[in-house]
file structure.cif (mmCIF, C-alpha atoms)
data_final
loop_
_atom_site.label_atom_id
_atom_site.label_comp_id
_atom_site.auth_asym_id
_atom_site.auth_seq_id
_atom_site.Cartn_x
_atom_site.Cartn_y
_atom_site.Cartn_z
CA MET D 1 -24.52 90.34 -90.76
CA SER D 2 -22.11 87.96 -89.12
CA ASP D 3 -20.23 85.49 -91.35
CA TYR D 4 -20.12 83.02 -88.46
CA LEU D 5 -22.17 79.84 -88.63
CA PRO D 6 -22.76 77.69 -85.55
CA ASP D 7 -21.12 74.26 -85.60
CA GLU D 8 -24.49 72.49 -85.65
CA ILE D 9 -25.51 74.33 -88.83
CA ILE D 10 -22.18 73.48 -90.47
CA LYS D 11 -22.59 69.83 -89.52
CA GLU D 12 -26.10 69.74 -90.95
CA ILE D 13 -24.90 71.26 -94.23
CA LEU D 14 -22.02 68.80 -94.48
CA THR D 15 -24.29 65.78 -94.06
CA LYS D 16 -26.09 66.79 -97.27
CA LEU D 17 -22.97 66.99 -99.42
CA PRO D 18 -21.69 64.23 -101.74
CA VAL D 19 -18.78 62.04 -100.67
CA LYS D 20 -16.38 63.53 -103.22
CA SER D 21 -16.87 67.04 -101.79
CA LEU D 22 -16.45 65.86 -98.21
CA LEU D 23 -13.13 64.20 -99.04
CA ARG D 24 -11.86 67.55 -100.33
CA PHE D 25 -13.20 69.39 -97.28
CA THR D 26 -11.13 67.26 -94.90
CA ALA D 27 -8.23 69.50 -95.98
CA VAL D 28 -10.01 72.77 -95.06
CA CYS D 29 -9.08 72.71 -91.37
CA LYS D 30 -8.36 70.32 -88.51
CA SER D 31 -11.83 70.65 -87.02
CA TRP D 32 -13.52 69.71 -90.31
CA TYR D 33 -11.08 66.85 -90.77
CA SER D 34 -11.89 65.45 -87.33
CA HIS D 35 -15.60 66.02 -87.74
CA ILE D 36 -15.94 64.34 -91.15
CA LYS D 37 -13.97 61.29 -89.97
CA ASN D 38 -16.05 60.95 -86.81
CA PRO D 39 -18.14 57.72 -86.82
CA SER D 40 -21.23 59.65 -85.67
CA PHE D 41 -20.97 61.98 -88.66
CA ILE D 42 -20.35 59.06 -91.03
CA ASN D 43 -23.57 57.42 -89.80
CA ALA D 44 -25.53 60.70 -90.01
CA HIS D 45 -24.28 61.28 -93.56
CA LEU D 46 -25.30 57.75 -94.58
CA ASN D 47 -28.80 58.21 -93.14
CA GLN D 48 -29.18 61.49 -95.03
CA THR D 49 -27.96 59.91 -98.28
CA ILE D 50 -30.40 57.01 -97.96
CA ALA D 51 -33.27 59.43 -97.30
CA ASN D 52 -32.34 61.49 -100.37
CA THR D 53 -32.19 58.49 -102.73
CA GLN D 54 -35.80 57.59 -101.95
CA HIS D 55 -36.92 60.65 -103.91
CA LYS D 56 -34.59 60.46 -106.91
CA SER D 57 -33.11 57.99 -109.38
CA GLN D 58 -30.98 55.32 -107.78
CA ARG D 59 -27.54 54.31 -108.93
CA LEU D 60 -26.51 50.79 -109.84
CA LEU D 61 -23.08 49.25 -109.38
CA VAL D 62 -22.25 47.05 -112.37
CA ARG D 63 -19.40 44.54 -112.60
CA TYR D 64 -18.32 42.26 -115.41
CA TYR D 65 -15.16 40.56 -116.64
CA ASP D 66 -13.96 41.90 -119.98
CA LYS D 67 -12.56 39.01 -122.01
CA THR D 68 -10.59 41.33 -124.29
CA SER D 69 -8.69 43.28 -121.63
CA LYS D 70 -8.87 40.33 -119.21
CA GLU D 71 -9.80 42.71 -116.42
CA GLU D 72 -12.75 43.26 -114.12
CA GLN D 73 -14.74 46.36 -115.05
CA TYR D 74 -16.68 48.24 -112.36
CA SER D 75 -18.93 51.23 -112.96
CA LEU D 76 -21.73 53.29 -111.42
CA ARG D 77 -24.74 53.90 -113.67
CA TRP D 78 -28.01 55.74 -113.18
CA ASP D 79 -31.00 53.43 -113.15
CA ASP D 80 -32.75 55.23 -116.00
CA ASP D 81 -32.86 55.37 -119.81
CA ASN D 82 -29.20 56.46 -119.93
CA PHE D 83 -27.99 53.26 -118.26
CA GLY D 84 -25.96 52.07 -121.26
CA ASP D 85 -24.64 55.47 -122.36
CA GLN D 86 -23.61 57.42 -119.27
CA PHE D 87 -21.60 55.89 -116.46
CA SER D 88 -18.70 56.51 -114.09
CA ALA D 89 -15.92 53.95 -114.34
CA LEU D 90 -14.44 52.81 -111.02
CA ASN D 91 -10.79 51.97 -110.52
CA PHE D 92 -10.62 48.38 -109.31
CA PRO D 93 -7.22 47.99 -107.61
CA PHE D 94 -7.24 44.24 -106.94
CA LYS D 95 -6.17 41.32 -109.10
CA SER D 96 -7.83 37.94 -108.82
CA VAL D 97 -5.80 34.82 -109.48
CA LEU D 98 -8.97 33.39 -111.03
CA GLY D 99 -9.80 36.28 -113.35
CA TYR D 100 -12.49 37.90 -111.24
CA VAL D 101 -13.46 37.86 -107.57
CA ARG D 102 -16.76 36.76 -106.09
CA ILE D 103 -18.88 39.61 -104.77
CA VAL D 104 -20.44 38.17 -101.62
CA GLY D 105 -22.71 41.18 -101.19
CA SER D 106 -22.89 44.96 -100.97
CA CYS D 107 -24.48 47.27 -98.43
CA ASN D 108 -24.17 50.92 -97.35
CA GLY D 109 -21.39 51.65 -99.84
CA LEU D 110 -19.29 48.60 -98.96
CA LEU D 111 -18.59 45.62 -101.19
CA CYS D 112 -17.54 42.29 -99.71
CA LEU D 113 -15.12 40.51 -102.06
CA CYS D 114 -13.76 36.98 -101.83
CA ASP D 115 -11.30 35.34 -104.22
CA ASP D 116 -12.75 31.85 -103.92
CA LEU D 117 -14.59 31.07 -107.13
CA PHE D 118 -13.27 27.52 -107.20
CA GLY D 119 -12.45 26.73 -103.60
CA ASP D 120 -11.21 28.15 -100.32
CA ALA D 121 -9.82 31.61 -99.66
CA ASN D 122 -7.55 33.09 -97.00
CA THR D 123 -8.66 36.71 -97.24
CA ILE D 124 -11.87 38.68 -97.61
CA THR D 125 -11.77 42.31 -98.72
CA LEU D 126 -14.21 45.04 -97.70
CA TRP D 127 -13.99 47.77 -100.34
CA ASN D 128 -15.51 51.24 -100.50
CA PRO D 129 -15.04 52.49 -104.07
CA SER D 130 -16.48 55.92 -103.20
CA ILE D 131 -13.51 56.83 -101.00
CA ARG D 132 -11.00 54.45 -102.61
CA LYS D 133 -10.28 52.53 -99.44
CA ALA D 134 -10.30 48.87 -98.52
CA VAL D 135 -9.53 46.63 -95.59
CA ASN D 136 -8.44 43.00 -95.78
CA VAL D 137 -9.98 40.50 -93.38
CA ALA D 138 -7.89 37.37 -92.83
CA MET D 139 -9.69 34.07 -92.32
CA ARG D 140 -9.12 32.49 -88.92
CA ILE D 141 -10.43 28.94 -89.33
CA ASN D 142 -7.89 26.90 -91.27
CA LEU D 143 -8.95 23.27 -91.60
CA ARG D 144 -6.93 20.48 -93.18
CA LEU D 145 -9.99 18.25 -93.48
CA PRO D 146 -12.15 18.52 -96.63
CA HIS D 147 -14.78 21.17 -96.06
CA MET D 148 -17.01 23.81 -97.61
CA PHE D 149 -17.80 27.21 -96.18
CA VAL D 150 -20.62 29.69 -96.48
CA LEU D 151 -20.06 33.45 -96.21
CA GLY D 152 -22.58 36.09 -95.29
CA PHE D 153 -22.21 39.88 -95.29
CA GLY D 154 -24.43 42.64 -94.00
CA VAL D 155 -24.53 45.89 -92.06
CA CYS D 156 -26.38 46.32 -88.77
CA PRO D 157 -29.32 48.68 -89.42
CA VAL D 158 -28.95 50.22 -85.94
CA THR D 159 -25.19 50.64 -85.44
CA HIS D 160 -24.11 50.55 -89.13
CA ASP D 161 -21.41 48.07 -88.11
CA ALA D 162 -20.45 45.82 -91.02
CA LYS D 163 -20.31 42.12 -90.15
CA LEU D 164 -19.28 38.84 -91.74
CA VAL D 165 -20.48 35.40 -90.76
CA ARG D 166 -18.60 32.28 -91.81
CA ILE D 167 -20.14 28.81 -91.52
CA VAL D 168 -17.76 25.90 -92.06
CA TYR D 169 -19.06 22.42 -92.85
CA VAL D 170 -16.46 19.66 -92.39
CA ARG D 171 -16.94 16.78 -94.80
CA ASP D 172 -17.03 13.16 -93.67
CA ALA D 173 -13.78 11.56 -94.88
CA THR D 174 -15.70 8.48 -96.04
CA HIS D 175 -18.57 10.25 -97.80
CA ARG D 176 -18.10 13.45 -99.83
CA ASN D 177 -21.72 14.60 -99.52
CA ARG D 178 -21.97 13.99 -95.79
CA PHE D 179 -20.93 16.56 -93.20
CA ILE D 180 -19.78 16.30 -89.61
CA ALA D 181 -22.24 18.25 -87.45
CA PRO D 182 -22.44 20.78 -86.01
CA PRO D 183 -20.80 23.29 -88.37
CA LYS D 184 -18.33 25.83 -87.00
CA VAL D 185 -19.49 29.45 -86.93
CA GLU D 186 -17.40 32.62 -86.72
CA VAL D 187 -18.49 36.26 -86.77
CA TYR D 188 -16.34 39.26 -87.74
CA ALA D 189 -17.28 42.83 -86.80
CA LEU D 190 -15.60 45.74 -88.58
CA SER D 191 -15.84 47.85 -85.41
CA SER D 192 -13.60 45.46 -83.48
CA GLY D 193 -11.55 44.22 -86.42
CA THR D 194 -11.56 40.66 -85.08
CA TRP D 195 -13.19 37.28 -85.60
CA ARG D 196 -14.70 35.42 -82.70
CA SER D 197 -16.03 31.91 -82.43
CA ALA D 198 -19.80 31.97 -82.03
CA VAL D 199 -20.31 28.88 -79.91
CA GLU D 200 -23.70 30.10 -78.76
CA THR D 201 -24.72 30.94 -82.33
CA ALA D 202 -25.59 27.47 -83.56
CA ALA D 203 -26.22 27.13 -87.29
CA PRO D 204 -29.26 25.06 -88.26
CA PRO D 205 -28.46 21.46 -89.32
CA CYS D 206 -29.12 22.30 -92.96
CA TYR D 207 -26.97 22.15 -96.05
CA LEU D 208 -26.58 25.74 -97.25
CA THR D 209 -26.23 25.92 -100.99
CA GLU D 210 -23.31 28.30 -101.21
CA PHE D 211 -22.43 26.88 -104.60
CA THR D 212 -25.20 29.07 -106.01
CA TRP D 213 -23.17 32.08 -104.77
CA SER D 214 -26.28 33.91 -103.69
CA GLN D 215 -27.15 35.66 -100.50
CA ALA D 216 -29.90 38.22 -99.99
CA PHE D 217 -29.57 40.91 -97.31
CA VAL D 218 -33.04 42.16 -96.39
CA SER D 219 -34.46 43.75 -93.21
CA GLY D 220 -31.20 43.27 -91.30
CA PHE D 221 -30.94 39.55 -92.10
CA VAL D 222 -28.67 37.59 -94.44
CA HIS D 223 -30.61 34.87 -96.30
CA TRP D 224 -29.42 31.71 -98.02
CA VAL D 225 -31.21 28.84 -99.76
CA ALA D 226 -30.82 25.60 -97.80
CA TYR D 227 -31.86 21.97 -97.80
CA SER D 228 -32.98 20.12 -94.67
CA LYS D 229 -32.44 16.37 -94.43
CA VAL D 230 -34.39 16.16 -91.15
CA CYS D 231 -37.71 16.65 -92.94
CA PRO D 232 -36.59 16.64 -96.58
CA ARG D 233 -37.43 20.04 -97.99
CA ASN D 234 -35.94 23.29 -99.17
CA LEU D 235 -36.05 26.34 -96.90
CA ILE D 236 -34.34 29.64 -96.21
CA VAL D 237 -31.77 29.99 -93.45
CA ARG D 238 -31.34 33.54 -92.18
CA PHE D 239 -28.81 35.23 -89.92
CA ASP D 240 -29.72 38.25 -87.79
CA ILE D 241 -26.79 40.65 -88.23
CA ARG D 242 -27.63 42.67 -85.10
CA ASN D 243 -28.34 39.86 -82.62
CA GLU D 244 -26.15 37.23 -84.33
CA VAL D 245 -28.65 34.38 -84.26
CA PHE D 246 -29.85 31.99 -86.96
CA GLY D 247 -33.40 31.21 -87.95
CA GLU D 248 -35.40 29.43 -90.63
CA MET D 249 -38.07 30.62 -93.06
CA VAL D 250 -40.61 28.60 -95.00
CA LEU D 251 -40.66 28.62 -98.81
CA PRO D 252 -43.83 28.40 -100.92
CA ASP D 253 -44.94 24.84 -101.67
CA ASP D 254 -43.88 25.10 -105.32
CA LEU D 255 -40.26 25.61 -104.22
CA CYS D 256 -40.00 23.18 -101.29
CA SER D 257 -39.29 20.07 -103.37
CA GLU D 258 -37.53 21.74 -106.30
CA LEU D 259 -33.92 20.74 -107.03
CA VAL D 260 -32.11 23.07 -104.64
CA SER D 261 -29.44 23.99 -107.20
CA ASN D 262 -32.23 25.56 -109.32
CA LEU D 263 -33.08 28.08 -106.58
CA SER D 264 -31.46 31.37 -105.71
CA ALA D 265 -32.20 34.08 -103.13
CA ALA D 266 -32.37 37.68 -104.32
CA VAL D 267 -33.52 41.18 -103.40
CA ARG D 268 -36.25 43.02 -105.32
CA GLY D 269 -36.63 46.58 -104.08
CA GLU D 270 -36.76 46.13 -100.30
CA SER D 271 -38.31 42.65 -100.47
CA LEU D 272 -36.92 39.14 -100.25
CA ALA D 273 -37.23 37.30 -103.56
CA MET D 274 -36.68 33.76 -104.80
CA LEU D 275 -35.66 32.72 -108.29
CA LYS D 276 -36.60 29.31 -109.66
CA TYR D 277 -34.73 28.28 -112.80
CA ASN D 278 -35.48 25.64 -115.40
CA LYS D 279 -32.16 25.64 -117.18
CA GLU D 280 -33.18 23.05 -119.76
CA ILE D 281 -35.88 25.24 -121.30
CA GLY D 282 -34.52 28.66 -120.29
CA THR D 283 -37.10 29.97 -117.84
CA CYS D 284 -36.99 31.73 -114.47
CA CYS D 285 -39.95 32.20 -112.10
CA VAL D 286 -39.76 35.17 -109.73
CA TRP D 287 -41.37 34.93 -106.28
CA VAL D 288 -41.52 37.76 -103.73
CA MET D 289 -42.31 37.79 -100.01
CA LYS D 290 -44.55 40.87 -99.93
CA GLU D 291 -44.67 41.06 -96.11
CA TYR D 292 -41.36 40.16 -94.55
CA GLY D 293 -41.49 37.12 -92.27
CA VAL D 294 -45.05 36.17 -93.29
CA ALA D 295 -44.93 32.86 -95.16
CA GLU D 296 -48.43 33.35 -96.55
CA SER D 297 -47.30 36.50 -98.37
CA TRP D 298 -45.10 34.62 -100.86
CA THR D 299 -46.40 35.59 -104.31
CA LYS D 300 -45.38 34.45 -107.77
CA LEU D 301 -44.93 37.68 -109.73
CA PHE D 302 -44.01 36.55 -113.23
CA SER D 303 -42.00 34.12 -115.34
CA ILE D 304 -39.16 34.96 -117.71
CA ASP D 305 -39.36 32.74 -120.78
CA LEU D 306 -36.31 33.01 -123.03
CA PRO D 307 -35.64 29.48 -124.33
CA GLY D 308 -32.08 28.85 -125.38
CA ILE D 309 -30.67 32.26 -124.45
CA LEU D 310 -31.40 32.93 -120.75
CA ARG D 311 -28.54 32.18 -118.38
CA ARG D 312 -29.06 34.07 -115.11
CA THR D 313 -31.22 36.72 -113.48
CA ILE D 314 -28.75 39.33 -112.24
CA GLY D 315 -30.90 41.96 -110.52
CA PHE D 316 -33.99 44.16 -110.54
CA ARG D 317 -34.48 47.75 -111.63
CA LYS D 318 -36.66 50.43 -110.06
CA ASN D 319 -38.95 50.54 -113.14
CA GLY D 320 -39.78 46.84 -112.77
CA GLU D 321 -37.42 45.58 -115.45
CA VAL D 322 -35.07 42.67 -114.78
CA MET D 323 -31.33 42.50 -115.47
CA LEU D 324 -30.40 39.26 -117.24
CA SER D 325 -27.30 37.59 -118.63
CA LEU D 326 -27.72 35.85 -121.98
CA ALA D 327 -25.90 33.01 -123.70
CA SER D 328 -24.40 35.66 -126.01
CA ASN D 329 -22.37 37.01 -123.04
CA GLU D 330 -24.51 40.14 -122.88
CA LEU D 331 -26.11 41.98 -119.97
CA VAL D 332 -29.63 43.09 -120.92
CA SER D 333 -32.71 44.67 -119.37
CA TYR D 334 -35.95 42.70 -119.72
CA ASP D 335 -39.50 44.04 -119.42
CA PRO D 336 -41.62 41.17 -117.99
CA ASN D 337 -44.88 42.88 -119.00
CA LYS D 338 -44.02 43.62 -122.62
CA LYS D 339 -41.65 40.64 -122.79
CA GLU D 340 -39.09 42.82 -124.54
CA ILE D 341 -35.30 42.79 -124.29
CA LYS D 342 -33.29 46.04 -124.18
CA TYR D 343 -29.62 45.64 -125.08
CA LEU D 344 -27.31 47.76 -122.92
CA GLY D 345 -23.99 47.44 -124.74
CA VAL D 346 -22.38 45.51 -121.87
CA ARG D 347 -20.61 42.25 -122.73
CA GLY D 348 -18.54 39.99 -120.48
CA ASN D 349 -18.11 36.58 -118.93
CA ILE D 350 -21.60 35.25 -118.12
CA ARG D 351 -20.76 34.31 -114.53
CA SER D 352 -19.03 37.62 -113.83
CA PHE D 353 -22.08 39.90 -114.16
CA TYR D 354 -23.14 41.66 -110.97
CA VAL D 355 -25.71 44.45 -110.58
CA ASP D 356 -26.98 45.96 -107.33
CA THR D 357 -28.19 49.30 -106.05
CA TYR D 358 -25.35 51.38 -104.63
CA THR D 359 -25.36 54.09 -101.98
CA GLU D 360 -22.23 56.21 -101.59
CA SER D 361 -20.90 56.38 -98.05
CA LEU D 362 -17.88 57.30 -95.95
CA ALA D 363 -17.55 53.80 -94.49
CA LEU D 364 -13.87 52.94 -93.76
CA LEU D 365 -12.87 56.64 -93.77
CA GLU D 366 -12.10 56.64 -90.05
CA ARG D 367 -10.08 53.44 -90.21
CA GLY D 368 -6.31 53.43 -90.60
CA VAL D 369 -6.28 51.52 -93.87
CA ALA D 370 -4.04 52.45 -96.77
CA GLU D 371 -5.54 54.34 -99.66
CA TYR D 372 -4.82 53.20 -103.19
CA LEU D 373 -4.30 55.36 -106.25
#
call {"tool": "encode", "arguments": {"input": "structure.cif", "output": "structure tokens"}}
result
Amino acid sequence: MSDYLPDEIIKEILTKLPVKSLLRFTAVCKSWYSHIKNPSFINAHLNQTIANTQHKSQRLLVRYYDKTSKEEQYSLRWDDDNFGDQFSALNFPFKSVLGYVRIVGSCNGLLCLCDDLFGDANTITLWNPSIRKAVNVAMRINLRLPHMFVLGFGVCPVTHDAKLVRIVYVRDATHRNRFIAPPKVEVYALSSGTWRSAVETAAPPCYLTEFTWSQAFVSGFVHWVAYSKVCPRNLIVRFDIRNEVFGEMVLPDDLCSELVSNLSAAVRGESLAMLKYNKEIGTCCVWVMKEYGVAESWTKLFSIDLPGILRRTIGFRKNGEVMLSLASNELVSYDPNKKEIKYLGVRGNIRSFYVDTYTESLALLERGVAEYL
């Protein structure tokens, strides 16, 4: 029997292997090295990985700021009963001048990081912890006038090209809460490595509440909570990552007139979700759009009632439980049906907690960016 395997069979086998193994196999021979770093293979491997995770336990990426070591702690944990006991620590090679960076979003193995917790930033970092590579993206718009900016991050579901959108609102010099319209819009594509002004991509004349630090990437769109002064109401502004156009989505009536700073966009499973906080009494109502793009499908799922101890809803687990941060600086898992709290042994700065599903990928492998140790 011949020990020769056709290239197509080898390629198919490689797409089913974990990232760590593929990194080792780049040293086997030149042909494997070239093949594994080929963008087509990277996309095929990602598609295979996503398909596999639909039938097994998912992994969660967890971040928090440890007050004792004064360092950001990143780890990958299985979304099961062993969440608090078994995990893989990730080496975080960056240092924030503010203690910890803001995670704008994560998708297809990439994290978008921005060191702007209290103001502007000159650089955004796209980081793939699976392959220990990162690329820095310099900001292009540099305004001297007072302004605020909104960042969005997502990956095109068709091309797998990672993109950033930056919306800059210039403040009126005579009125802090008034902005000079229209806002400036720029789009960055990882494939080209450049920013470009999106003159034809007009942002809606809404005030996007970036101060809530929340975006939700669902169905190929980035979503933010916004407030419209034209017909005073809250709404969702979305950005189509593939076609690079903005749009608006209607919120349920119960959320339209709520104080906008009490709202936050989120992702629950594969659905768009909205969180409505009452910080005075410690409650959070969870709404989900069951059919994407259909306003009538907004449904109130449940309320989290933890007076005096609830701070933020961090994320959602596959078993229906909710990840919460408490006033005691703890990350916990909450069962909304039994109304029970499960302590996970994770403590950190309340505002630093981040939890999201994570899919390993080879994104950035083909790019000439420096590896870190």
call {"tool": "resolve_selection", "arguments": {"input": "structure.cif", "expression": "the PyMOL selection byres ((chain D and resi 114) around 6)", "output": "list in words"}}
result
Val101, Arg102, Leu113, Asp115, Asp116 and Ile124 of chain D
call {"tool": "closest_residue", "arguments": {"input": "structure.cif", "among": "D:Lys37, D:Arg63, D:Lys229, D:Lys16", "to": "D:Asn349", "atoms": "all atoms listed in the file"}}
result
D:Arg63
call {"tool": "closest_residue", "arguments": {"input": "structure.cif", "among": "D:Ala266, D:Met323, D:Leu208, D:Val332", "to": "D:Met148", "atoms": "all atoms listed in the file"}}
result
D:Leu208
call {"tool": "closest_residue", "arguments": {"input": "structure.cif", "among": "D:Trp32, D:Trp298, D:Tyr343, D:Trp224", "to": "D:Asp81", "atoms": "only C-alpha atoms"}}
result
D:Tyr343
call {"tool": "closest_residue", "arguments": {"input": "structure.cif", "among": "D:Asn337, D:Asn234, D:Ser75, D:Asn122", "to": "D:Asp254", "atoms": "all atoms listed in the file"}}
result
D:Asn234
call {"tool": "atom_distance", "arguments": {"input": "structure.cif", "atom1": "atom CA of D:Cys206", "atom2": "atom CA of D:Val137"}}
result
26.4 Å
call {"tool": "atom_distance", "arguments": {"input": "structure.cif", "atom1": "atom CA of D:Arg166", "atom2": "atom CA of D:Leu151"}}
result
4.8 Å
call {"tool": "resolve_selection", "arguments": {"input": "structure.cif", "expression": "the PyMOL selection byres ((chain D and resi 132) around 12)", "output": "PDB file with C-alpha atoms, in the coordinates of the input"}}
result
ATOM      1  CA  VAL D  19     -18.780  62.040-100.670  1.00  0.00           C
ATOM      2  CA  LYS D  20     -16.380  63.530-103.220  1.00  0.00           C
ATOM      3  CA  LEU D  23     -13.130  64.200 -99.040  1.00  0.00           C
ATOM      4  CA  LEU D  90     -14.440  52.810-111.020  1.00  0.00           C
ATOM      5  CA  ASN D  91     -10.790  51.970-110.520  1.00  0.00           C
ATOM      6  CA  PHE D  92     -10.620  48.380-109.310  1.00  0.00           C
ATOM      7  CA  PRO D  93      -7.220  47.990-107.610  1.00  0.00           C
ATOM      8  CA  PHE D  94      -7.240  44.240-106.940  1.00  0.00           C
ATOM      9  CA  GLY D 109     -21.390  51.650 -99.840  1.00  0.00           C
ATOM     10  CA  LEU D 110     -19.290  48.600 -98.960  1.00  0.00           C
ATOM     11  CA  LEU D 111     -18.590  45.620-101.190  1.00  0.00           C
ATOM     12  CA  LEU D 126     -14.210  45.040 -97.700  1.00  0.00           C
ATOM     13  CA  TRP D 127     -13.990  47.770-100.340  1.00  0.00           C
ATOM     14  CA  ASN D 128     -15.510  51.240-100.500  1.00  0.00           C
ATOM     15  CA  PRO D 129     -15.040  52.490-104.070  1.00  0.00           C
ATOM     16  CA  SER D 130     -16.480  55.920-103.200  1.00  0.00           C
ATOM     17  CA  ILE D 131     -13.510  56.830-101.000  1.00  0.00           C
ATOM     18  CA  LYS D 133     -10.280  52.530 -99.440  1.00  0.00           C
ATOM     19  CA  ALA D 134     -10.300  48.870 -98.520  1.00  0.00           C
ATOM     20  CA  VAL D 135      -9.530  46.630 -95.590  1.00  0.00           C
ATOM     21  CA  GLU D 360     -22.230  56.210-101.590  1.00  0.00           C
ATOM     22  CA  SER D 361     -20.900  56.380 -98.050  1.00  0.00           C
ATOM     23  CA  LEU D 362     -17.880  57.300 -95.950  1.00  0.00           C
ATOM     24  CA  ALA D 363     -17.550  53.800 -94.490  1.00  0.00           C
ATOM     25  CA  LEU D 364     -13.870  52.940 -93.760  1.00  0.00           C
ATOM     26  CA  LEU D 365     -12.870  56.640 -93.770  1.00  0.00           C
ATOM     27  CA  VAL D 369      -6.280  51.520 -93.870  1.00  0.00           C
ATOM     28  CA  ALA D 370      -4.040  52.450 -96.770  1.00  0.00           C
ATOM     29  CA  GLU D 371      -5.540  54.340 -99.660  1.00  0.00           C
ATOM     30  CA  TYR D 372      -4.820  53.200-103.190  1.00  0.00           C
ATOM     31  CA  LEU D 373      -4.300  55.360-106.250  1.00  0.00           C
TER      32      LEU D 373
END
call {"tool": "resolve_selection", "arguments": {"input": "structure.cif", "expression": "the PyMOL selection byres ((chain D and resi 159) around 12)", "output": "CSV table (one decimal) with C-alpha atoms, keeping the file's coordinate frame"}}
result
chain,number,residue,atom,x,y,z
D,39,PRO,CA,-18.1,57.7,-86.8
D,40,SER,CA,-21.2,59.6,-85.7
D,42,ILE,CA,-20.4,59.1,-91.0
D,43,ASN,CA,-23.6,57.4,-89.8
D,44,ALA,CA,-25.5,60.7,-90.0
D,46,LEU,CA,-25.3,57.8,-94.6
D,47,ASN,CA,-28.8,58.2,-93.1
D,108,ASN,CA,-24.2,50.9,-97.4
D,154,GLY,CA,-24.4,42.6,-94.0
D,155,VAL,CA,-24.5,45.9,-92.1
D,156,CYS,CA,-26.4,46.3,-88.8
D,157,PRO,CA,-29.3,48.7,-89.4
D,158,VAL,CA,-29.0,50.2,-85.9
D,160,HIS,CA,-24.1,50.6,-89.1
D,161,ASP,CA,-21.4,48.1,-88.1
D,162,ALA,CA,-20.4,45.8,-91.0
D,163,LYS,CA,-20.3,42.1,-90.2
D,189,ALA,CA,-17.3,42.8,-86.8
D,190,LEU,CA,-15.6,45.7,-88.6
D,191,SER,CA,-15.8,47.8,-85.4
D,220,GLY,CA,-31.2,43.3,-91.3
D,241,ILE,CA,-26.8,40.6,-88.2
D,242,ARG,CA,-27.6,42.7,-85.1
D,243,ASN,CA,-28.3,39.9,-82.6
call {"tool": "closest_residue", "arguments": {"input": "structure.cif", "among": "D:Thr49, D:Thr313, D:Gln215, D:Gln73", "to": "D:Val346", "atoms": "all atoms listed in the file"}}
result
D:Gln73
